[in-house]
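Engineer: Before anything else, here's the structure in question.
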Amino acid sequence: MNKALITAEGLCLGYRRGPNVMSGIDAEIRAGELLCVIGPNGGGKTTLLRSLSGLLPPRSGIVLLENHTLYGRGALDRRRRARSIAVVLTHHVAPAYLRVRELVTLGRLPYHSTDRQDRDAVQLALEQSGITPLANRPVGELSDGERQRVMVARALAQEPRILMLDEPTVHLDPPHQSGLFLLLRDLVGRGVIESVAVATHHLHLALHYSDRILLVADGTVETGSPTAFLSDQRLEFAFNDGTERHRLVLDPRRGWFVPT
């Protein structure tokens, strides 16, 4: 088993003035893996990912980046955390008037580096995400697929160890969805990023491209390989509404649900 980069123990999560979304949760993000966080709508995928990334303090429990806590007394400050964890959110803010290179350069904010170091890091991020030809294009002229790669490049410019993405394929067509996941696998495979964690409602992408899955449903978390989840009925149980009339069966080859 690869070493754990982020470890969560006994998490109780919720939002201000709201009920608990989940409690008693343990989870890990390990080195050398593409981890997908899946589950039915409203199950807590985004909530868990935000807490693991340092953006949502738990009501109780701990989140560690190796030996450093992300919350409470002695927690890593925002700048140090950003040098280890980069986050690409669903509703990203990408000013249309900026050019691609300018937007990617914003990823250098956690560093007090020289102009040369910043330029080199930005150029490398453009190359690693395959968007060098777009460097001088206004962001407002890009397609959704191109813009999503730009947001990944901005995250890579942070030179993080861990990349976390929340629903990165939500506005993409199927070829661009697969293309983005192939890019993420390549980044981990080449050691550009130590680990990638993705919250997604696209089950077929998780089953086909991830190394490990976290299934978040009914306030609980289960983990395993895609093969393990396909070998039993945990996914069908989690995603069906419990009524025989609407029961759907998972097609393991295609990775989506079909009527019985």
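Naming scheme: A, B, ... for chains in displayed order of the structure tokens; residues 1 onward per chain; ligands 1 onward as shown.
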Give me the residues within 12 Å of A:Pro110 as a PDB file with N, CA and C atoms, in the first residue's frame, counting only C-alpha atoms and dropping any in the same chain fewer than 2 places off.

Structural biologist:
ATOM      1  N   ASP A  77      -0.368  27.295   7.731  1.00  0.00           N
ATOM      2  CA  ASP A  77      -1.009  28.513   7.244  1.00  0.00           C
ATOM      3  C   ASP A  77      -1.381  28.348   5.778  1.00  0.00           C
ATOM      4  N   ARG A  78      -2.170  29.286   5.276  1.00  0.00           N
ATOM      5  CA  ARG A  78      -2.732  29.158   3.931  1.00  0.00           C
ATOM      6  C   ARG A  78      -1.654  29.049   2.862  1.00  0.00           C
ATOM      7  N   ARG A  79      -0.597  29.824   3.008  1.00  0.00           N
ATOM      8  CA  ARG A  79       0.466  29.809   2.003  1.00  0.00           C
ATOM      9  C   ARG A  79       1.190  28.464   1.974  1.00  0.00           C
ATOM     10  N   ARG A  80       1.513  27.927   3.137  1.00  0.00           N
ATOM     11  CA  ARG A  80       2.210  26.634   3.190  1.00  0.00           C
ATOM     12  C   ARG A  80       1.298  25.512   2.705  1.00  0.00           C
ATOM     13  N   ARG A  81       0.015  25.593   3.045  1.00  0.00           N
ATOM     14  CA  ARG A  81      -0.924  24.579   2.569  1.00  0.00           C
ATOM     15  C   ARG A  81      -1.032  24.607   1.044  1.00  0.00           C
ATOM     16  N   ALA A  82      -1.050  25.811   0.471  1.00  0.00           N
ATOM     17  CA  ALA A  82      -1.187  25.941  -0.979  1.00  0.00           C
ATOM     18  C   ALA A  82       0.031  25.418  -1.722  1.00  0.00           C
ATOM     19  N   ARG A  83       1.161  25.308  -1.045  1.00  0.00           N
ATOM     20  CA  ARG A  83       2.342  24.748  -1.695  1.00  0.00           C
ATOM     21  C   ARG A  83       2.288  23.231  -1.756  1.00  0.00           C
ATOM     22  N   SER A  84       1.366  22.633  -1.014  1.00  0.00           N
ATOM     23  CA  SER A  84       1.211  21.176  -1.013  1.00  0.00           C
ATOM     24  C   SER A  84      -0.074  20.718  -1.681  1.00  0.00           C
ATOM     25  N   ILE A  85      -1.148  21.512  -1.551  1.00  0.00           N
ATOM     26  CA  ILE A  85      -2.465  21.114  -2.055  1.00  0.00           C
ATOM     27  C   ILE A  85      -3.003  22.211  -2.963  1.00  0.00           C
ATOM     28  N   ALA A  86      -3.340  21.848  -4.192  1.00  0.00           N
ATOM     29  CA  ALA A  86      -3.995  22.767  -5.115  1.00  0.00           C
ATOM     30  C   ALA A  86      -5.407  22.254  -5.385  1.00  0.00           C
ATOM     31  N   THR A 105      -0.498  32.275 -14.194  1.00  0.00           N
ATOM     32  CA  THR A 105       0.478  32.922 -13.309  1.00  0.00           C
ATOM     33  C   THR A 105      -0.096  33.162 -11.912  1.00  0.00           C
ATOM     34  N   LEU A 106      -1.419  33.254 -11.787  1.00  0.00           N
ATOM     35  CA  LEU A 106      -2.021  33.440 -10.470  1.00  0.00           C
ATOM     36  C   LEU A 106      -1.711  32.262  -9.540  1.00  0.00           C
ATOM     37  N   GLY A 107      -1.367  31.124 -10.108  1.00  0.00           N
ATOM     38  CA  GLY A 107      -0.991  29.980  -9.293  1.00  0.00           C
ATOM     39  C   GLY A 107       0.312  30.174  -8.531  1.00  0.00           C
ATOM     40  N   ARG A 108       1.042  31.223  -8.851  1.00  0.00           N
ATOM     41  CA  ARG A 108       2.318  31.477  -8.170  1.00  0.00           C
ATOM     42  C   ARG A 108       2.166  32.322  -6.913  1.00  0.00           C
ATOM     43  N   HIS A 112       7.162  33.449  -2.749  1.00  0.00           N
ATOM     44  CA  HIS A 112       7.963  34.663  -2.862  1.00  0.00           C
ATOM     45  C   HIS A 112       9.153  34.311  -3.751  1.00  0.00           C
ATOM     46  N   SER A 113       8.930  34.216  -5.030  1.00  0.00           N
ATOM     47  CA  SER A 113       9.973  33.755  -5.947  1.00  0.00           C
ATOM     48  C   SER A 113      10.329  34.858  -6.930  1.00  0.00           C
ATOM     49  N   ASP A 118       9.056  32.268 -11.531  1.00  0.00           N
ATOM     50  CA  ASP A 118       7.623  32.266 -11.842  1.00  0.00           C
ATOM     51  C   ASP A 118       7.387  31.956 -13.315  1.00  0.00           C
ATOM     52  N   ARG A 154      -3.222  26.301 -13.892  1.00  0.00           N
ATOM     53  CA  ARG A 154      -3.032  27.257 -12.794  1.00  0.00           C
ATOM     54  C   ARG A 154      -2.709  26.516 -11.492  1.00  0.00           C
ATOM     55  N   ALA A 155      -3.407  25.391 -11.263  1.00  0.00           N
ATOM     56  CA  ALA A 155      -3.126  24.585 -10.069  1.00  0.00           C
ATOM     57  C   ALA A 155      -1.713  24.014 -10.128  1.00  0.00           C
ATOM     58  N   ALA A 157       0.837  25.295 -11.547  1.00  0.00           N
ATOM     59  CA  ALA A 157       1.801  26.375 -11.324  1.00  0.00           C
ATOM     60  C   ALA A 157       2.080  26.584  -9.839  1.00  0.00           C
ATOM     61  N   GLN A 158       1.187  26.107  -8.970  1.00  0.00           N
ATOM     62  CA  GLN A 158       1.439  26.150  -7.535  1.00  0.00           C
ATOM     63  C   GLN A 158       2.522  25.162  -7.121  1.00  0.00           C
ATOM     64  N   GLU A 159       2.884  24.247  -8.033  1.00  0.00           N
ATOM     65  CA  GLU A 159       3.843  23.182  -7.741  1.00  0.00           C
ATOM     66  C   GLU A 159       3.422  22.390  -6.505  1.00  0.00           C
ATOM     67  N   PRO A 160       2.163  21.922  -6.491  1.00  0.00           N
ATOM     68  CA  PRO A 160       1.682  21.182  -5.326  1.00  0.00           C
ATOM     69  C   PRO A 160       2.093  19.718  -5.391  1.00  0.00           C
TER      70      PRO A 160
END

Engineer: Give me the residues of stretch 6-49 of chain A that have any atom at most 10 Å from an atom of stretch 66-73 of chain A; for each, the nearest atom pair and the distance in Å, rounded to one decimal. Use only C-alpha atoms, sort by chain and number, and format it as a Markdown table.

Structural biologist:
| residue | atom | partner | partner_atom | distance |
| --- | --- | --- | --- | --- |
| A:Ile6 | CA | A:Glu66 | CA | 5.9 |
| A:Thr7 | CA | A:Glu66 | CA | 7.2 |
| A:Ala8 | CA | A:Thr69 | CA | 9.9 |

Engineer: Can you pull out every residue within 8 Å of A:Ser23, counting only C-alpha atoms, but drop anything in the same chain fewer than 4 positions away, and send it as an MDAnalysis selection string?

Structural biologist: chainID A and resid 10:13 219:220

Engineer: Which is closest to A:Lys3 among A:Leu65, A:Ala217, A:Met22, A:Leu52, if we use only C-alpha atoms?

Structural biologist: A:Leu65

Engineer: Can you tell me, as a PyMOL selection string, what residues are no more than 8 Å from stretch 199-203 of chain A when counting only C-alpha atoms, ignoring any on the same chain fewer than 6 positions away?

Structural biologist: chain A and resi 36-41+45-46+49+165-169+255-256

Engineer: Please compute the atom CA of A:Glu194-atom CA of A:Ile25 distance, one decimal, in Å.

Structural biologist: 23.4 Å

Engineer: I need the residues in stretch 29-214 of chain A that are strand (DSSP E or B) according to DSSP; give them as an MDAnalysis selection string.

Structural biologist: chainID A and resid 29:30 34:38 60:65 68:69 85:88 99 138 162:166 195:199 212:214

Engineer: What residues in stretch 29-100 of chain A get the DSSP label helix (DSSP H, G or I)? Please answer as a VMD selection string.

Structural biologist: chain A and resid 45 to 52 78 to 82 100

Engineer: Extract, using only C-alpha atoms, all DNA, RNA and protein residues at most 9 Å from stretch 229-231 of chain A, discarding same-chain residues fewer than 4 positions from it, and format them as a VMD selection string.

Structural biologist: chain A and resid 207 213 223 to 225 235 250 252

Engineer: Please, what distance in Å, to one decimal, runs between atom CA of A:Arg147 and atom CA of A:Ala135?

Structural biologist: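 Result for atom CA of A:Arg147 versus atom CA of A:Ala135: 11.4 Å, one decimal.
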
Engineer: Let me make sure I understand: among A:Gly54, A:Leu142, A:Tyr209, A:Val104, which one has the smallest atom-to-atom distance to A:Leu126 if we use only C-alpha atoms?

Structural biologist: A:Val104

Engineer: Set the distance at 12 Å and use only C-alpha atoms: which residues neighbour A:Thr132 once local chain neighbours fewer than 5 positions away are removed? I'd like the list as number ranges by chain.

Structural biologist: A: 100-101, 104, 122-127, 137, 146, 149-150, 153

Engineer: So how far away is atom CA of A:Leu55 from atom CA of A:Phe239, in Å?

Structural biologist: 27.2 Å

Engineer: Using only C-alpha atoms, which of the listed residues (A:Val152, A:Leu98, A:Ala121, A:Leu187) sits closest to A:Asn136?

Structural biologist: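 Looking only at the distances to A:Asn136, the closest residue turns out to be A:Leu98.
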